[in-house]
>>> print(open('coords.cif').read())   # mmCIF, C-alpha atoms
data_input
#
loop_
_atom_site.group_PDB
_atom_site.id
_atom_site.type_symbol
_atom_site.label_atom_id
_atom_site.label_comp_id
_atom_site.auth_asym_id
_atom_site.auth_seq_id
_atom_site.Cartn_x
_atom_site.Cartn_y
_atom_site.Cartn_z
ATOM 1 C CA ALA A 1 90.872 96.274 88.350
ATOM 2 C CA GLY A 2 91.826 96.155 92.027
ATOM 3 C CA ALA A 3 92.252 93.757 94.914
ATOM 4 C CA GLY A 4 89.961 91.091 93.433
ATOM 5 C CA ALA A 5 90.549 91.642 89.740
ATOM 6 C CA TYR A 6 93.152 89.108 88.566
ATOM 7 C CA HIS A 7 92.412 87.582 85.147
ATOM 8 C CA ALA A 8 95.172 85.336 83.793
ATOM 9 C CA GLU A 9 94.295 85.984 80.152
ATOM 10 C CA LEU A 10 94.752 89.741 80.661
ATOM 11 C CA GLU A 11 97.768 89.821 82.988
ATOM 12 C CA GLY A 12 100.097 91.236 80.310
ATOM 13 C CA GLN A 13 98.129 94.486 79.984
ATOM 14 C CA HIS A 14 100.451 96.716 82.030
ATOM 15 C CA GLY A 15 100.057 100.429 82.670
ATOM 16 C CA ILE A 16 103.671 101.443 82.001
ATOM 17 C CA ASP A 17 105.774 98.752 80.334
ATOM 18 C CA VAL A 18 109.480 99.523 79.782
ATOM 19 C CA ARG A 19 112.110 97.029 78.610
ATOM 20 C CA GLY A 20 115.827 97.327 77.990
ATOM 21 C CA VAL A 21 116.015 101.050 78.809
ATOM 22 C CA THR A 22 118.856 103.100 80.319
ATOM 23 C CA GLY A 23 118.456 106.402 82.147
ATOM 24 C CA LEU A 24 114.671 106.525 82.609
ATOM 25 C CA ARG A 25 112.958 109.091 84.886
ATOM 26 C CA LEU A 26 109.272 108.779 85.753
ATOM 27 C CA GLU A 27 108.105 111.767 87.803
ATOM 28 C CA ARG A 28 104.592 112.297 89.218
ATOM 29 C CA VAL A 29 102.938 109.824 86.860
ATOM 30 C CA THR A 30 99.482 108.414 87.648
ATOM 31 C CA VAL A 31 98.497 104.906 86.577
ATOM 32 C CA THR A 32 95.224 103.260 87.635
ATOM 33 C CA ASP A 33 92.896 100.384 86.780
ATOM 34 C CA THR A 34 95.061 97.946 84.834
ATOM 35 C CA TYR A 35 94.520 94.237 84.320
ATOM 36 C CA GLY A 36 98.275 93.675 84.420
ATOM 37 C CA ASP A 37 100.914 95.450 86.519
ATOM 38 C CA LEU A 38 100.799 99.162 87.144
ATOM 39 C CA LEU A 39 104.536 99.434 86.381
ATOM 40 C CA TYR A 40 106.569 96.725 84.637
ATOM 41 C CA ILE A 41 110.341 97.229 84.266
ATOM 42 C CA ALA A 42 112.210 94.472 82.461
ATOM 43 C CA GLY A 43 115.164 93.546 80.318
ATOM 44 C CA LYS A 44 114.983 92.964 76.595
ATOM 45 C CA GLY A 45 117.145 90.777 74.405
ATOM 46 C CA GLY A 46 119.534 90.092 77.270
ATOM 47 C CA VAL A 47 119.941 93.829 78.057
ATOM 48 C CA VAL A 48 118.792 94.877 81.517
ATOM 49 C CA SER A 49 116.966 98.105 82.246
ATOM 50 C CA SER A 50 119.272 100.320 84.312
ATOM 51 C CA ASP A 51 119.463 103.713 85.989
ATOM 52 C CA VAL A 52 115.694 103.982 86.479
ATOM 53 C CA VAL A 53 114.195 106.452 88.975
ATOM 54 C CA VAL A 54 110.494 106.664 89.837
ATOM 55 C CA THR A 55 109.454 109.587 92.070
ATOM 56 C CA GLY A 56 106.084 110.873 93.233
ATOM 57 C CA ALA A 57 104.055 108.306 91.292
ATOM 58 C CA HIS A 58 100.461 107.362 92.114
ATOM 59 C CA LEU A 59 99.833 103.720 91.181
ATOM 60 C CA GLU A 60 96.512 102.181 92.132
ATOM 61 C CA ARG A 61 94.142 99.325 91.342
ATOM 62 C CA SER A 62 95.962 96.632 89.389
ATOM 63 C CA GLY A 63 94.778 93.236 88.255
ATOM 64 C CA ARG A 64 98.166 91.602 88.862
ATOM 65 C CA GLN A 65 101.196 93.099 90.656
ATOM 66 C CA GLY A 66 101.880 96.679 91.606
ATOM 67 C CA ILE A 67 105.486 96.959 90.387
ATOM 68 C CA THR A 68 107.372 94.111 88.709
ATOM 69 C CA MET A 69 111.136 94.186 88.169
ATOM 70 C CA LYS A 70 112.548 91.516 85.877
ATOM 71 C CA GLY A 71 115.990 92.213 84.476
ATOM 72 C CA VAL A 72 116.923 95.500 86.182
ATOM 73 C CA ARG A 73 119.929 97.196 87.756
ATOM 74 C CA ASP A 74 120.215 100.467 89.686
ATOM 75 C CA VAL A 75 116.534 101.251 90.246
ATOM 76 C CA GLN A 76 115.007 103.673 92.762
ATOM 77 C CA ILE A 77 111.315 103.859 93.725
ATOM 78 C CA LEU A 78 110.934 107.001 95.850
ATOM 79 C CA GLY A 79 108.080 108.937 97.460
ATOM 80 C CA SER A 80 105.303 107.157 95.585
ATOM 81 C CA HIS A 81 101.952 105.555 96.447
ATOM 82 C CA VAL A 82 101.014 102.008 95.404
ATOM 83 C CA GLY A 83 97.731 100.425 96.487
ATOM 84 C CA GLU A 84 94.727 98.172 95.784
ATOM 85 C CA ILE A 85 96.783 95.406 94.228
ATOM 86 C CA ALA A 86 95.270 92.083 93.176
ATOM 87 C CA ARG A 87 98.416 90.059 93.874
ATOM 88 C CA SER A 88 101.766 91.289 95.306
ATOM 89 C CA VAL A 89 102.876 94.913 95.547
ATOM 90 C CA ILE A 90 106.591 94.554 94.670
ATOM 91 C CA ASP A 91 107.549 91.484 92.634
ATOM 92 C CA PHE A 92 111.110 90.563 91.664
ATOM 93 C CA GLU A 93 111.127 87.945 88.917
ATOM 94 C CA PRO A 94 114.628 86.476 88.600
ATOM 95 C CA ALA A 95 115.370 84.020 85.787
ATOM 96 C CA SER A 96 113.940 84.519 82.304
ATOM 97 C CA GLU A 97 114.840 84.153 78.654
ATOM 98 C CA ASN A 98 115.563 87.894 78.577
ATOM 99 C CA GLY A 99 117.923 87.900 81.530
ATOM 100 C CA GLY A 100 115.759 88.442 84.588
ATOM 101 C CA GLY A 101 116.691 89.420 88.080
ATOM 102 C CA ALA A 102 117.328 92.628 89.984
ATOM 103 C CA GLU A 103 120.493 94.242 91.313
ATOM 104 C CA ASN A 104 120.866 97.351 93.464
ATOM 105 C CA VAL A 105 117.262 98.440 94.026
ATOM 106 C CA LEU A 106 116.186 101.082 96.554
ATOM 107 C CA ILE A 107 112.514 101.404 97.572
ATOM 108 C CA GLN A 108 112.289 104.306 100.011
ATOM 109 C CA GLY A 109 109.780 106.752 101.448
ATOM 110 C CA ASN A 110 106.711 105.304 99.748
ATOM 111 C CA THR A 111 103.158 104.589 100.927
ATOM 112 C CA PHE A 112 101.691 101.157 100.265
ATOM 113 C CA GLY A 113 98.006 100.271 100.421
ATOM 114 C CA GLU A 114 95.942 97.121 100.230
ATOM 115 C CA CYS A 115 96.970 93.962 98.390
ATOM 116 C CA ARG A 116 95.898 90.318 98.499
ATOM 117 C CA HIS A 117 99.279 88.604 98.622
ATOM 118 C CA LEU A 118 102.732 89.861 99.645
ATOM 119 C CA LEU A 119 104.225 93.286 100.084
ATOM 120 C CA LEU A 120 107.574 92.223 98.613
ATOM 121 C CA THR A 121 108.366 88.903 97.007
ATOM 122 C CA ALA A 122 111.360 87.384 95.232
ATOM 123 C CA GLY A 123 110.438 83.821 94.359
ATOM 124 C CA GLY A 124 111.127 81.844 91.210
ATOM 125 C CA ILE A 125 114.522 80.374 90.333
ATOM 126 C CA GLY A 126 118.032 81.736 90.017
ATOM 127 C CA PRO A 127 120.471 83.695 92.193
ATOM 128 C CA ASN A 128 120.201 87.056 90.525
ATOM 129 C CA VAL A 129 118.152 89.123 92.988
ATOM 130 C CA ASN A 130 120.666 90.977 95.164
ATOM 131 C CA ASP A 131 121.251 94.256 96.990
ATOM 132 C CA ILE A 132 117.623 95.141 97.652
ATOM 133 C CA SER A 133 116.806 97.903 100.163
ATOM 134 C CA PHE A 134 113.269 98.556 101.437
ATOM 135 C CA VAL A 135 113.582 101.590 103.699
ATOM 136 C CA ALA A 136 111.329 104.027 105.592
ATOM 137 C CA ASN A 137 108.073 103.113 103.881
ATOM 138 C CA ARG A 138 104.599 103.559 105.370
ATOM 139 C CA LEU A 139 102.197 100.632 105.120
ATOM 140 C CA VAL A 140 98.608 101.838 105.401
ATOM 141 C CA GLY A 141 96.680 98.890 104.016
ATOM 142 C CA ILE A 142 99.077 95.957 104.222
ATOM 143 C CA GLY A 143 101.389 94.369 106.739
ATOM 144 C CA LEU A 144 105.127 93.867 106.421
ATOM 145 C CA LYS A 145 104.830 90.611 104.455
ATOM 146 C CA VAL A 146 108.111 89.669 102.770
ATOM 147 C CA ARG A 147 109.317 86.425 101.175
ATOM 148 C CA VAL A 148 112.695 85.878 99.523
ATOM 149 C CA TYR A 149 113.349 82.320 98.392
ATOM 150 C CA ALA A 150 114.765 80.725 95.230
ATOM 151 C CA GLN A 151 112.953 77.477 94.545
ATOM 152 C CA ASP A 152 115.912 75.901 92.726
ATOM 153 C CA GLY A 153 118.285 76.177 95.688
ATOM 154 C CA ALA A 154 120.129 79.253 94.387
ATOM 155 C CA ARG A 155 121.506 81.786 96.862
ATOM 156 C CA ARG A 156 120.701 85.493 96.942
ATOM 157 C CA SER A 157 122.334 88.300 98.909
ATOM 158 C CA ASN A 158 121.950 91.573 100.752
ATOM 159 C CA PHE A 159 118.336 92.287 101.578
ATOM 160 C CA ARG A 160 117.731 95.247 103.895
ATOM 161 C CA ILE A 161 114.300 95.889 105.477
ATOM 162 C CA ILE A 162 114.802 99.014 107.594
ATOM 163 C CA ASP A 163 112.632 101.605 109.420
ATOM 164 C CA ASN A 164 109.284 100.679 107.893
ATOM 165 C CA VAL A 165 106.013 101.277 109.767
ATOM 166 C CA SER A 166 102.820 99.279 109.297
ATOM 167 C CA GLU A 167 99.460 100.640 110.429
ATOM 168 C CA VAL A 168 97.621 97.298 110.215
ATOM 169 C CA SER A 169 97.780 94.158 112.329
ATOM 170 C CA LEU A 170 99.034 90.906 110.804
ATOM 171 C CA GLY A 171 97.613 87.460 111.490
ATOM 172 C CA LEU A 172 99.314 84.771 109.400
ATOM 173 C CA PRO A 173 100.021 81.024 109.691
ATOM 174 C CA VAL A 174 103.673 81.762 108.799
ATOM 175 C CA ALA A 175 106.251 84.360 109.808
ATOM 176 C CA ALA A 176 105.773 87.874 108.480
ATOM 177 C CA LEU A 177 109.256 88.098 106.947
ATOM 178 C CA ARG A 178 110.806 84.953 105.474
ATOM 179 C CA PHE A 179 114.238 84.550 103.927
ATOM 180 C CA GLY A 180 115.569 81.320 102.418
ATOM 181 C CA ARG A 181 119.204 80.862 101.296
ATOM 182 C CA VAL A 182 120.039 84.556 101.600
ATOM 183 C CA ASP A 183 123.539 85.785 102.473
ATOM 184 C CA GLY A 184 123.201 89.118 104.214
ATOM 185 C CA VAL A 185 119.829 89.995 105.782
ATOM 186 C CA VAL A 186 119.161 93.130 107.843
ATOM 187 C CA VAL A 187 115.754 93.647 109.490
ATOM 188 C CA ARG A 188 116.055 96.738 111.677
ATOM 189 C CA GLY A 189 113.903 99.488 113.145
ATOM 190 C CA ASN A 190 110.558 98.262 111.789
ATOM 191 C CA TYR A 191 107.129 98.430 113.452
ATOM 192 C CA GLN A 192 104.518 95.736 112.848
ATOM 193 C CA VAL A 193 101.721 94.568 115.169
ATOM 194 C CA MET A 194 101.074 90.808 115.151
ATOM 195 C CA ASN A 195 97.774 89.217 116.161
ATOM 196 C CA PRO A 196 98.640 87.486 119.477
ATOM 197 C CA ASN A 197 96.063 84.770 118.814
ATOM 198 C CA ARG A 198 98.071 83.572 115.804
ATOM 199 C CA GLU A 199 101.291 83.020 117.821
ATOM 200 C CA MET A 200 103.442 84.439 115.048
ATOM 201 C CA THR A 201 107.188 84.695 114.684
ATOM 202 C CA ALA A 202 108.138 87.996 113.064
ATOM 203 C CA VAL A 203 111.218 86.908 111.064
ATOM 204 C CA THR A 204 112.323 83.438 110.060
ATOM 205 C CA THR A 205 115.273 82.300 107.960
ATOM 206 C CA CYS A 206 116.482 79.011 106.579
ATOM 207 C CA LEU A 207 119.969 78.177 105.336
ATOM 208 C CA SER A 208 120.876 81.893 105.432
ATOM 209 C CA THR A 209 124.005 83.655 106.691
ATOM 210 C CA ASP A 210 124.961 87.047 108.129
ATOM 211 C CA VAL A 211 121.487 87.793 109.503
ATOM 212 C CA THR A 212 120.808 90.834 111.718
ATOM 213 C CA VAL A 213 117.419 91.370 113.376
ATOM 214 C CA ARG A 214 117.393 94.194 115.915
ATOM 215 C CA ARG A 215 115.641 97.295 117.245
ATOM 216 C CA ASN A 216 112.292 96.269 115.762
ATOM 217 C CA GLN A 217 108.917 96.575 117.464
ATOM 218 C CA PHE A 218 106.697 93.554 116.839
ATOM 219 C CA PRO A 219 103.901 93.732 119.447
ATOM 220 C CA GLY A 220 101.973 90.458 119.738
ATOM 221 C CA ALA A 221 104.708 88.267 118.243
ATOM 222 C CA VAL A 222 105.726 85.221 120.273
ATOM 223 C CA ASP A 223 109.264 85.561 118.935
ATOM 224 C CA HIS A 224 111.105 88.202 116.934
ATOM 225 C CA PHE A 225 113.390 85.777 115.109
ATOM 226 C CA ASP A 226 114.020 82.111 114.505
ATOM 227 C CA THR A 227 116.059 80.087 112.041
ATOM 228 C CA LYS A 228 115.277 76.690 110.586
ATOM 229 C CA PRO A 229 117.634 73.899 109.471
ATOM 230 C CA ASP A 230 115.808 73.441 106.159
ATOM 231 C CA CYS A 231 113.520 75.460 103.902
ATOM 232 C CA GLU A 232 110.510 73.141 103.875
ATOM 233 C CA GLY A 233 107.318 75.126 103.324
ATOM 234 C CA MET A 234 109.098 78.336 102.395
ATOM 235 C CA GLU A 235 107.536 78.423 98.936
ATOM 236 C CA LYS A 236 103.999 78.788 100.365
#
>>> encode(input="coords.cif", output="structure tokens")
Amino acid sequence: AGAGAYHAELEGQHGIDVRGVTGLRLERVTVTDTYGDLLYIAGKGGVVSSDVVVTGAHLERSGRQGITMKGVRDVQILGSHVGEIARSVIDFEPASENGGGAENVLIQGNTFGECRHLLLTAGGIGPNVNDISFVANRLVGIGLKVRVYAQDGARRSNFRIIDNVSEVSLGLPVAALRFGRVDGVVVRGNYQVMNPNREMTAVTTCLSTDVTVRRNQFPGAVDHFDTKPDCEGMEK
């Protein structure tokens, strides 16, 4: 497994797979070389997983995502390492037959390594991905690539991207951080170098409200922030 190891027929082979749990603590676990996700936290039978804390974990070389949350509430990912991911590092999957989504998640003080797609993504359909904080993380093999957008037009709320530092340069055809139909966005105190030849905007929003972008350092960006009147192309 690893950055080039995605196989659709094996994507359900997760390292740690927990569903419908309450009060879970994972401390200093090591998970490597999976075809699926390294850590998969989900609901079961309409019951969300709640009060989950992961500390000091070492998660590396997955064939799909790093950590997937699908039907969770009150989750903390703290002081862990996640790297060499075939797809996206942190994946919020909202709507599902088992009651997907994520509420009140804190991801703080972690180190994130290489991945092929996004650092943090909340795509899919449905409104139920809210109160997500991504704070004081160190990005050693990936840039600050974030996308939050419900494809069915649903609204989400309260995403905070604060005090993160990336050690790699980004060169993308789109903005580094993208938010569509989100009420309450804070992007503050982050450091991310942009390739000046790509003429990138650091943060872009569409049809969003209560947006704060300040005290960031985005060397090489042509603009720190813009907003668009529609969300065309946001799903890419």
>>> residues_around(input="coords.cif", residues="Ile67 in chain A", least_positions_apart="2", cutoff="7 Å", atoms="only C-alpha atoms", output="list of chain:residue names")
A:Asp37, A:Leu38, A:Leu39, A:Tyr40, A:Gln65, A:Met69, A:Val89, A:Ile90, A:Asp91
>>> atom_distance(input="coords.cif", atom1="CA of Ser169 in chain A", atom2="CA of Gly233 in chain A")
23.1 Å
>>> residues_around(input="coords.cif", residues="Ser62 in chain A", least_positions_apart="4", cutoff="7 Å", atoms="all atoms listed in the file", output="list in words")
Ala1, Gly2, Thr32, Asp33, Thr34, Tyr35, Gly36, Asp37, Leu38, Gly66, Glu84, Ile85 and Ala86 of chain A
>>> residues_near_point(input="coords.cif", point="(105.7, 108.1, 96.7)", cutoff="12 Å", atoms="only C-alpha atoms", output="mmCIF file with C-alpha atoms, in the coordinates of the input")
data_model
loop_
_atom_site.group_PDB
_atom_site.id
_atom_site.type_symbol
_atom_site.label_atom_id
_atom_site.label_comp_id
_atom_site.auth_asym_id
_atom_site.auth_seq_id
_atom_site.Cartn_x
_atom_site.Cartn_y
_atom_site.Cartn_z
ATOM 1 C CA LEU A 26 109.272 108.779 85.753
ATOM 2 C CA GLU A 27 108.105 111.767 87.803
ATOM 3 C CA ARG A 28 104.592 112.297 89.218
ATOM 4 C CA VAL A 29 102.938 109.824 86.860
ATOM 5 C CA THR A 30 99.482 108.414 87.648
ATOM 6 C CA VAL A 53 114.195 106.452 88.975
ATOM 7 C CA VAL A 54 110.494 106.664 89.837
ATOM 8 C CA THR A 55 109.454 109.587 92.070
ATOM 9 C CA GLY A 56 106.084 110.873 93.233
ATOM 10 C CA ALA A 57 104.055 108.306 91.292
ATOM 11 C CA HIS A 58 100.461 107.362 92.114
ATOM 12 C CA LEU A 59 99.833 103.720 91.181
ATOM 13 C CA GLU A 60 96.512 102.181 92.132
ATOM 14 C CA GLN A 76 115.007 103.673 92.762
ATOM 15 C CA ILE A 77 111.315 103.859 93.725
ATOM 16 C CA LEU A 78 110.934 107.001 95.850
ATOM 17 C CA GLY A 79 108.080 108.937 97.460
ATOM 18 C CA SER A 80 105.303 107.157 95.585
ATOM 19 C CA HIS A 81 101.952 105.555 96.447
ATOM 20 C CA VAL A 82 101.014 102.008 95.404
ATOM 21 C CA GLY A 83 97.731 100.425 96.487
ATOM 22 C CA ILE A 107 112.514 101.404 97.572
ATOM 23 C CA GLN A 108 112.289 104.306 100.011
ATOM 24 C CA GLY A 109 109.780 106.752 101.448
ATOM 25 C CA ASN A 110 106.711 105.304 99.748
ATOM 26 C CA THR A 111 103.158 104.589 100.927
ATOM 27 C CA PHE A 112 101.691 101.157 100.265
ATOM 28 C CA GLY A 113 98.006 100.271 100.421
ATOM 29 C CA ALA A 136 111.329 104.027 105.592
ATOM 30 C CA ASN A 137 108.073 103.113 103.881
ATOM 31 C CA ARG A 138 104.599 103.559 105.370
ATOM 32 C CA LEU A 139 102.197 100.632 105.120
#
>>> closest_residue(input="coords.cif", among="A:Thr227, A:Asn164, A:Thr22, A:Gln192", to="Gly180 in chain A", atoms="only C-alpha atoms")
A:Thr227
>>> build_atoms(input="coords.cif", residues="range 40-51 of chain A", atoms="N, CA, C and O atoms", output="mmCIF file, in the coordinates of the input")
data_model
loop_
_atom_site.group_PDB
_atom_site.id
_atom_site.type_symbol
_atom_site.label_atom_id
_atom_site.label_comp_id
_atom_site.auth_asym_id
_atom_site.auth_seq_id
_atom_site.Cartn_x
_atom_site.Cartn_y
_atom_site.Cartn_z
ATOM 1 N N TYR A 40 105.817 97.925 84.981
ATOM 2 C CA TYR A 40 106.569 96.725 84.637
ATOM 3 C C TYR A 40 107.900 97.173 84.042
ATOM 4 O O TYR A 40 107.945 97.835 83.003
ATOM 5 N N ILE A 41 109.004 96.853 84.725
ATOM 6 C CA ILE A 41 110.341 97.229 84.266
ATOM 7 C C ILE A 41 111.119 95.950 84.019
ATOM 8 O O ILE A 41 111.293 95.139 84.938
ATOM 9 N N ALA A 42 111.604 95.756 82.811
ATOM 10 C CA ALA A 42 112.210 94.472 82.461
ATOM 11 C C ALA A 42 113.383 94.665 81.511
ATOM 12 O O ALA A 42 113.605 95.746 80.957
ATOM 13 N N GLY A 43 114.130 93.574 81.335
ATOM 14 C CA GLY A 43 115.164 93.546 80.318
ATOM 15 C C GLY A 43 114.575 93.203 78.967
ATOM 16 O O GLY A 43 113.395 92.861 78.837
ATOM 17 N N LYS A 44 115.419 93.309 77.945
ATOM 18 C CA LYS A 44 114.983 92.964 76.595
ATOM 19 C C LYS A 44 116.184 92.488 75.803
ATOM 20 O O LYS A 44 117.209 93.164 75.752
ATOM 21 N N GLY A 45 116.064 91.314 75.215
ATOM 22 C CA GLY A 45 117.145 90.777 74.405
ATOM 23 C C GLY A 45 118.441 90.599 75.160
ATOM 24 O O GLY A 45 119.526 90.764 74.599
ATOM 25 N N GLY A 46 118.351 90.271 76.447
ATOM 26 C CA GLY A 46 119.534 90.092 77.270
ATOM 27 C C GLY A 46 120.101 91.376 77.837
ATOM 28 O O GLY A 46 121.101 91.353 78.563
ATOM 29 N N VAL A 47 119.494 92.536 77.539
ATOM 30 C CA VAL A 47 119.941 93.829 78.057
ATOM 31 C C VAL A 47 119.028 94.246 79.203
ATOM 32 O O VAL A 47 117.804 94.342 79.023
ATOM 33 N N VAL A 48 119.617 94.487 80.376
ATOM 34 C CA VAL A 48 118.792 94.877 81.517
ATOM 35 C C VAL A 48 118.390 96.340 81.402
ATOM 36 O O VAL A 48 119.056 97.136 80.735
ATOM 37 N N SER A 49 117.311 96.701 82.058
ATOM 38 C CA SER A 49 116.966 98.105 82.246
ATOM 39 C C SER A 49 117.770 98.634 83.428
ATOM 40 O O SER A 49 117.822 98.000 84.479
ATOM 41 N N SER A 50 118.397 99.807 83.267
ATOM 42 C CA SER A 50 119.272 100.320 84.312
ATOM 43 C C SER A 50 119.116 101.826 84.480
ATOM 44 O O SER A 50 118.637 102.519 83.576
ATOM 45 N N ASP A 51 119.533 102.285 85.657
ATOM 46 C CA ASP A 51 119.463 103.713 85.989
ATOM 47 C C ASP A 51 118.036 104.227 85.802
ATOM 48 O O ASP A 51 117.774 105.154 85.038
#
